[in-house]
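**Student:** Structure file run_17.cif (mmCIF, C-alpha atoms and all ligand atoms) is given on the next line.
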```
data_entry
loop_
_atom_site.label_atom_id
_atom_site.label_comp_id
_atom_site.auth_asym_id
_atom_site.auth_seq_id
_atom_site.Cartn_x
_atom_site.Cartn_y
_atom_site.Cartn_z
CA MET A 423 -13.83 8.49 9.76
CA LYS A 424 -14.74 6.39 6.73
CA ILE A 425 -12.18 4.22 4.99
CA LEU A 426 -12.56 2.99 1.44
CA THR A 427 -10.06 0.61 -0.11
CA VAL A 428 -9.63 0.44 -3.87
CA THR A 429 -8.02 -2.85 -4.70
CA GLY A 430 -7.98 -5.53 -7.33
CA TYR A 431 -6.03 -8.61 -8.32
CA LYS A 432 -5.07 -7.46 -11.78
CA GLY A 433 -2.77 -4.67 -12.91
CA GLY A 434 -3.96 -1.91 -15.17
CA VAL A 435 -7.65 -2.27 -14.42
CA GLY A 436 -8.22 1.30 -13.23
CA LYS A 437 -7.46 1.17 -9.49
CA SER A 438 -5.45 4.39 -9.49
CA VAL A 439 -7.90 6.25 -11.72
CA THR A 440 -10.76 5.08 -9.50
CA ALA A 441 -8.95 6.04 -6.28
CA VAL A 442 -8.12 9.51 -7.60
CA HIS A 443 -11.65 10.19 -8.82
CA LEU A 444 -13.49 8.78 -5.81
CA ALA A 445 -11.19 10.85 -3.60
CA THR A 446 -12.05 13.88 -5.77
CA PHE A 447 -15.75 13.16 -5.27
CA PHE A 448 -15.40 12.76 -1.50
CA SER A 449 -13.13 15.80 -1.16
CA ASP A 450 -16.19 17.96 -1.98
CA LEU A 451 -17.92 16.43 1.04
CA GLY A 452 -15.14 16.52 3.64
CA ASN A 453 -11.47 16.12 4.44
CA THR A 454 -10.08 13.39 2.23
CA VAL A 455 -6.73 11.62 2.26
CA LEU A 456 -5.68 9.20 -0.45
CA VAL A 457 -3.15 6.74 0.93
CA ASP A 458 -1.15 5.54 -2.07
CA GLY A 459 -0.12 1.97 -1.42
CA ASP A 460 1.25 1.46 -4.93
CA PRO A 461 5.07 1.25 -4.99
CA ASN A 462 4.89 3.07 -8.34
CA ARG A 463 3.35 5.97 -6.44
CA THR A 464 0.90 6.67 -9.26
CA SER A 465 -1.31 9.03 -7.26
CA LEU A 466 1.61 10.78 -5.62
CA GLY A 467 3.10 11.42 -9.08
CA TRP A 468 -0.28 12.58 -10.40
CA ASN A 469 -0.50 15.09 -7.55
CA SER A 470 3.07 16.32 -7.89
CA ARG A 471 2.63 16.99 -11.62
CA GLY A 472 -0.35 19.22 -10.88
CA LYS A 473 -2.71 19.58 -7.97
CA LEU A 474 -5.33 17.13 -6.77
CA PRO A 475 -8.12 18.48 -4.53
CA PHE A 476 -7.17 16.23 -1.58
CA THR A 477 -4.11 15.12 0.35
CA VAL A 478 -2.08 12.27 -1.09
CA ALA A 479 -0.05 10.33 1.45
CA ILE A 480 2.09 7.25 1.41
CA VAL A 481 2.91 4.79 4.15
CA PRO A 482 6.57 3.95 3.64
CA SER A 483 7.46 0.65 5.22
CA TYR A 484 10.51 -0.38 7.24
CA PRO A 485 13.38 0.59 7.07
CA SER A 486 11.73 4.01 6.74
CA ARG A 487 10.75 5.45 10.14
CA GLU A 488 7.80 7.31 8.63
CA GLY A 489 5.81 4.11 8.35
CA GLU A 490 5.96 3.59 12.12
CA VAL A 491 4.86 7.17 12.73
CA MET A 492 1.98 6.78 10.29
CA LYS A 493 0.95 3.50 11.93
CA LYS A 494 0.83 5.20 15.32
CA ASP A 495 -1.31 8.03 13.94
CA LEU A 496 -3.70 5.63 12.26
CA LYS A 497 -4.08 3.68 15.52
CA LEU A 498 -4.72 6.91 17.44
CA GLY A 499 -7.40 7.73 14.87
CA GLY A 500 -9.09 4.40 15.55
CA VAL A 501 -8.05 2.83 12.25
CA PRO A 502 -7.43 -0.91 12.58
CA VAL A 503 -3.87 -1.64 11.52
CA PHE A 504 -1.68 -4.70 11.74
CA GLU A 505 1.29 -4.50 14.10
CA THR A 506 3.47 -6.21 11.53
CA MET A 507 5.03 -4.14 8.80
CA ILE A 508 6.48 -5.72 5.70
CA ARG A 509 9.94 -4.39 5.05
CA ARG A 510 10.87 -2.94 1.68
CA THR A 511 13.59 -5.11 0.19
CA VAL A 512 14.84 -6.04 -3.26
CA GLY A 513 14.38 -9.62 -2.12
CA PHE A 514 10.72 -9.52 -3.19
CA PRO A 515 11.31 -8.62 -6.83
CA LYS A 516 14.16 -11.18 -6.78
CA ALA A 517 11.79 -13.85 -5.50
CA ALA A 518 9.26 -12.96 -8.19
CA LEU A 519 11.95 -13.33 -10.85
CA ALA A 520 13.11 -16.64 -9.38
CA GLY A 521 9.53 -17.87 -9.23
CA VAL A 522 9.64 -18.80 -5.56
CA PRO A 523 8.46 -17.29 -2.28
CA ILE A 524 11.16 -15.24 -0.61
CA ARG A 525 11.81 -17.93 2.01
CA ASP A 526 13.12 -20.20 -0.77
CA LEU A 527 15.67 -17.73 -2.12
CA ASP A 528 19.29 -18.76 -1.82
CA ASP A 529 20.12 -15.48 -0.11
CA ARG A 530 20.31 -15.26 3.69
CA LYS A 531 19.56 -11.56 3.90
CA ALA A 532 16.60 -11.71 1.53
CA LYS A 533 15.25 -14.79 3.28
CA SER A 534 15.01 -12.88 6.56
CA ALA A 535 12.10 -10.85 5.14
CA TRP A 536 10.02 -14.04 5.32
CA THR A 537 9.76 -13.43 9.09
CA ASP A 538 7.58 -10.39 8.34
CA TYR A 539 5.00 -12.48 6.49
CA LYS A 540 5.17 -15.18 9.17
CA ALA A 541 4.37 -12.54 11.79
CA LEU A 542 1.56 -11.12 9.66
CA GLY A 543 0.11 -14.59 9.10
CA LYS A 544 0.11 -15.18 12.87
CA GLU A 545 -1.63 -11.87 13.49
CA ILE A 546 -4.32 -12.80 10.96
CA MET A 547 -4.81 -16.19 12.61
CA GLU A 548 -5.18 -14.53 16.01
CA MET A 549 -7.74 -12.14 14.52
CA TRP A 550 -9.75 -15.08 13.22
CA GLN A 551 -9.94 -16.80 16.63
N1 LIG A 601 -12.40 4.74 -17.74
C1 LIG A 601 -11.23 4.74 -18.38
N2 LIG A 601 -11.18 5.06 -19.68
C2 LIG A 601 -10.02 5.06 -20.38
N3 LIG A 601 -8.85 4.79 -19.85
C3 LIG A 601 -8.83 4.46 -18.54
C4 LIG A 601 -10.01 4.42 -17.74
N4 LIG A 601 -9.68 4.06 -16.49
C5 LIG A 601 -8.36 3.87 -16.51
N5 LIG A 601 -7.85 4.13 -17.74
C6 LIG A 601 -6.46 4.03 -18.17
O1 LIG A 601 -6.06 2.67 -18.01
C7 LIG A 601 -4.72 2.61 -17.57
C8 LIG A 601 -4.68 1.80 -16.26
O2 LIG A 601 -5.41 2.53 -15.28
P1 LIG A 601 -4.84 2.65 -13.80
O3 LIG A 601 -3.46 3.17 -13.81
O4 LIG A 601 -5.85 3.38 -12.99
O5 LIG A 601 -4.87 1.10 -13.41
P2 LIG A 601 -4.27 0.41 -12.11
O6 LIG A 601 -5.19 -0.74 -11.83
O7 LIG A 601 -4.07 1.38 -11.03
O8 LIG A 601 -2.89 -0.10 -12.70
P3 LIG A 601 -1.62 -0.67 -11.89
O9 LIG A 601 -1.98 -2.08 -11.55
O10 LIG A 601 -0.52 -0.56 -12.88
O11 LIG A 601 -1.45 0.18 -10.69
C9 LIG A 601 -4.24 4.05 -17.41
O12 LIG A 601 -3.54 4.42 -18.57
C10 LIG A 601 -5.53 4.85 -17.30
O13 LIG A 601 -5.39 6.19 -17.72
MG MG A 602 -2.26 1.90 -9.96
#
```
Take the structure in this file and express it as structure tokens.

**Tutor:**
Amino acid sequence: MKILTVTGYKGGVGKSVTAVHLATFFSDLGNTVLVDGDPNRTSLGWNSRGKLPFTVAIVPSYPSREGEVMKKDLKLGGVPVFETMIRRTVGFPKAALAGVPIRDLDDRKAKSAWTDYKALGKEIMEMWQ
């Protein structure tokens, strides 16, 4: 299995268009899955409005159970995945609006999502050792 990640720091620079068209190219050569990591679900929407020549999937994070199932499948397929999943919470857009990391929000519930990034940071540090 080959994995290609289309990513970039800036918004609106053509990540989705590139992902859709590279997946179209590779779908002529073999089974191709586009995993849409964009919360706007651009590729998923593109596919649902018409028909793309490959599978479009999403990995929904906690509290959705599907994310766990997908993680298990990816691991079984030999894809390296982090154990930690970052929960979906309105705390993140709130933190962005407040201009602080989520741990500095004055909101106990939102703050608790910081534990996800702490766990992920630890995993990354272990990987680097
Ligand atoms: N080669 C191109 N020529 C003209 N328009 C393009 C081209 N590539 C992308 N676009 C247009 O630019 C806009 C941004 O592209 P796209 O949605 O792929 O960017 P993105 O990086 O995925 O954005 P976001 O950060 O919002 O997810 C879209 O309207 C898209 O149709
Ligand atoms: Mg996009």

**Student:** Taking all atoms of ligand LIG 601 (chain A) that appear in the file, build a box with edges along x, y and z, extend it by 3 Å on every side, and state its centre and edge lengths in Å to one decimal, as lines of an AutoDock Vina configuration file.

**Tutor:**
```
center_x = -6.5
center_y = 2.1
center_z = -15.5
size_x = 17.9
size_y = 14.3
size_z = 15.7
```

**Student:** Between A:Asp528, A:Asp495, A:Asp460, A:Asp538, which is the closest to ligand LIG 601 (chain A) once you count all atoms listed in the file?

**Tutor:**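 Of A:Asp528, A:Asp495, A:Asp460, A:Asp538, the one nearest ligand LIG 601 (chain A) is A:Asp460, counting all atoms listed in the file.
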
**Student:** What residues of the protein or nucleic acid chains come within 7 Å of ligand LIG 601 (chain A) when you use all atoms listed in the file? Reply as a PDB file with C-alpha atoms, keeping the file's coordinate frame.

**Tutor:**
```pdb
ATOM      1  CA  LYS A 432      -5.070  -7.460 -11.780  1.00  0.00           C
ATOM      2  CA  GLY A 433      -2.770  -4.670 -12.910  1.00  0.00           C
ATOM      3  CA  GLY A 434      -3.960  -1.910 -15.170  1.00  0.00           C
ATOM      4  CA  VAL A 435      -7.650  -2.270 -14.420  1.00  0.00           C
ATOM      5  CA  GLY A 436      -8.220   1.300 -13.230  1.00  0.00           C
ATOM      6  CA  LYS A 437      -7.460   1.170  -9.490  1.00  0.00           C
ATOM      7  CA  SER A 438      -5.450   4.390  -9.490  1.00  0.00           C
ATOM      8  CA  VAL A 439      -7.900   6.250 -11.720  1.00  0.00           C
ATOM      9  CA  THR A 440     -10.760   5.080  -9.500  1.00  0.00           C
ATOM     10  CA  ASP A 460       1.250   1.460  -4.930  1.00  0.00           C
TER      11      ASP A 460
END
```

**Student:** Give me, please, the distance in Å between CA of Gln551 (chain A) and CA of Val501 (chain A), quoted to one decimal.

**Tutor:**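 Between CA of Gln551 (chain A) and CA of Val501 (chain A) the gap is 20.2 Å.
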
**Student:** For ligand MG 602 (chain A), which of A:Val428, A:Met507, A:Val512, A:Ala535 is the closest residue, counting only C-alpha atoms and all ligand atoms?

**Tutor:**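 Among the listed residues, A:Val428 lies closest to ligand MG 602 (chain A).
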
**Student:** One number please: CA of Pro485 (chain A) to CA of Leu456 (chain A), in Å, one decimal.

**Tutor:**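 If I compute the distance from CA of Pro485 (chain A) to CA of Leu456 (chain A), I get 22.2 Å.
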
**Student:** Which neighbours of Thr506 (chain A) fall inside 9 Å, counting all atoms listed in the file, when residues of the same chain fewer than 5 positions from it are skipped, and could you give them as an mmCIF file with C-alpha atoms, in the frame of the given file?

**Tutor:**
```
data_model
loop_
_atom_site.group_PDB
_atom_site.id
_atom_site.type_symbol
_atom_site.label_atom_id
_atom_site.label_comp_id
_atom_site.auth_asym_id
_atom_site.auth_seq_id
_atom_site.Cartn_x
_atom_site.Cartn_y
_atom_site.Cartn_z
ATOM 1 C CA ASP A 538 7.580 -10.390 8.340
ATOM 2 C CA TYR A 539 5.000 -12.480 6.490
ATOM 3 C CA ALA A 541 4.370 -12.540 11.790
ATOM 4 C CA LEU A 542 1.560 -11.120 9.660
ATOM 5 C CA GLU A 545 -1.630 -11.870 13.490
#
```
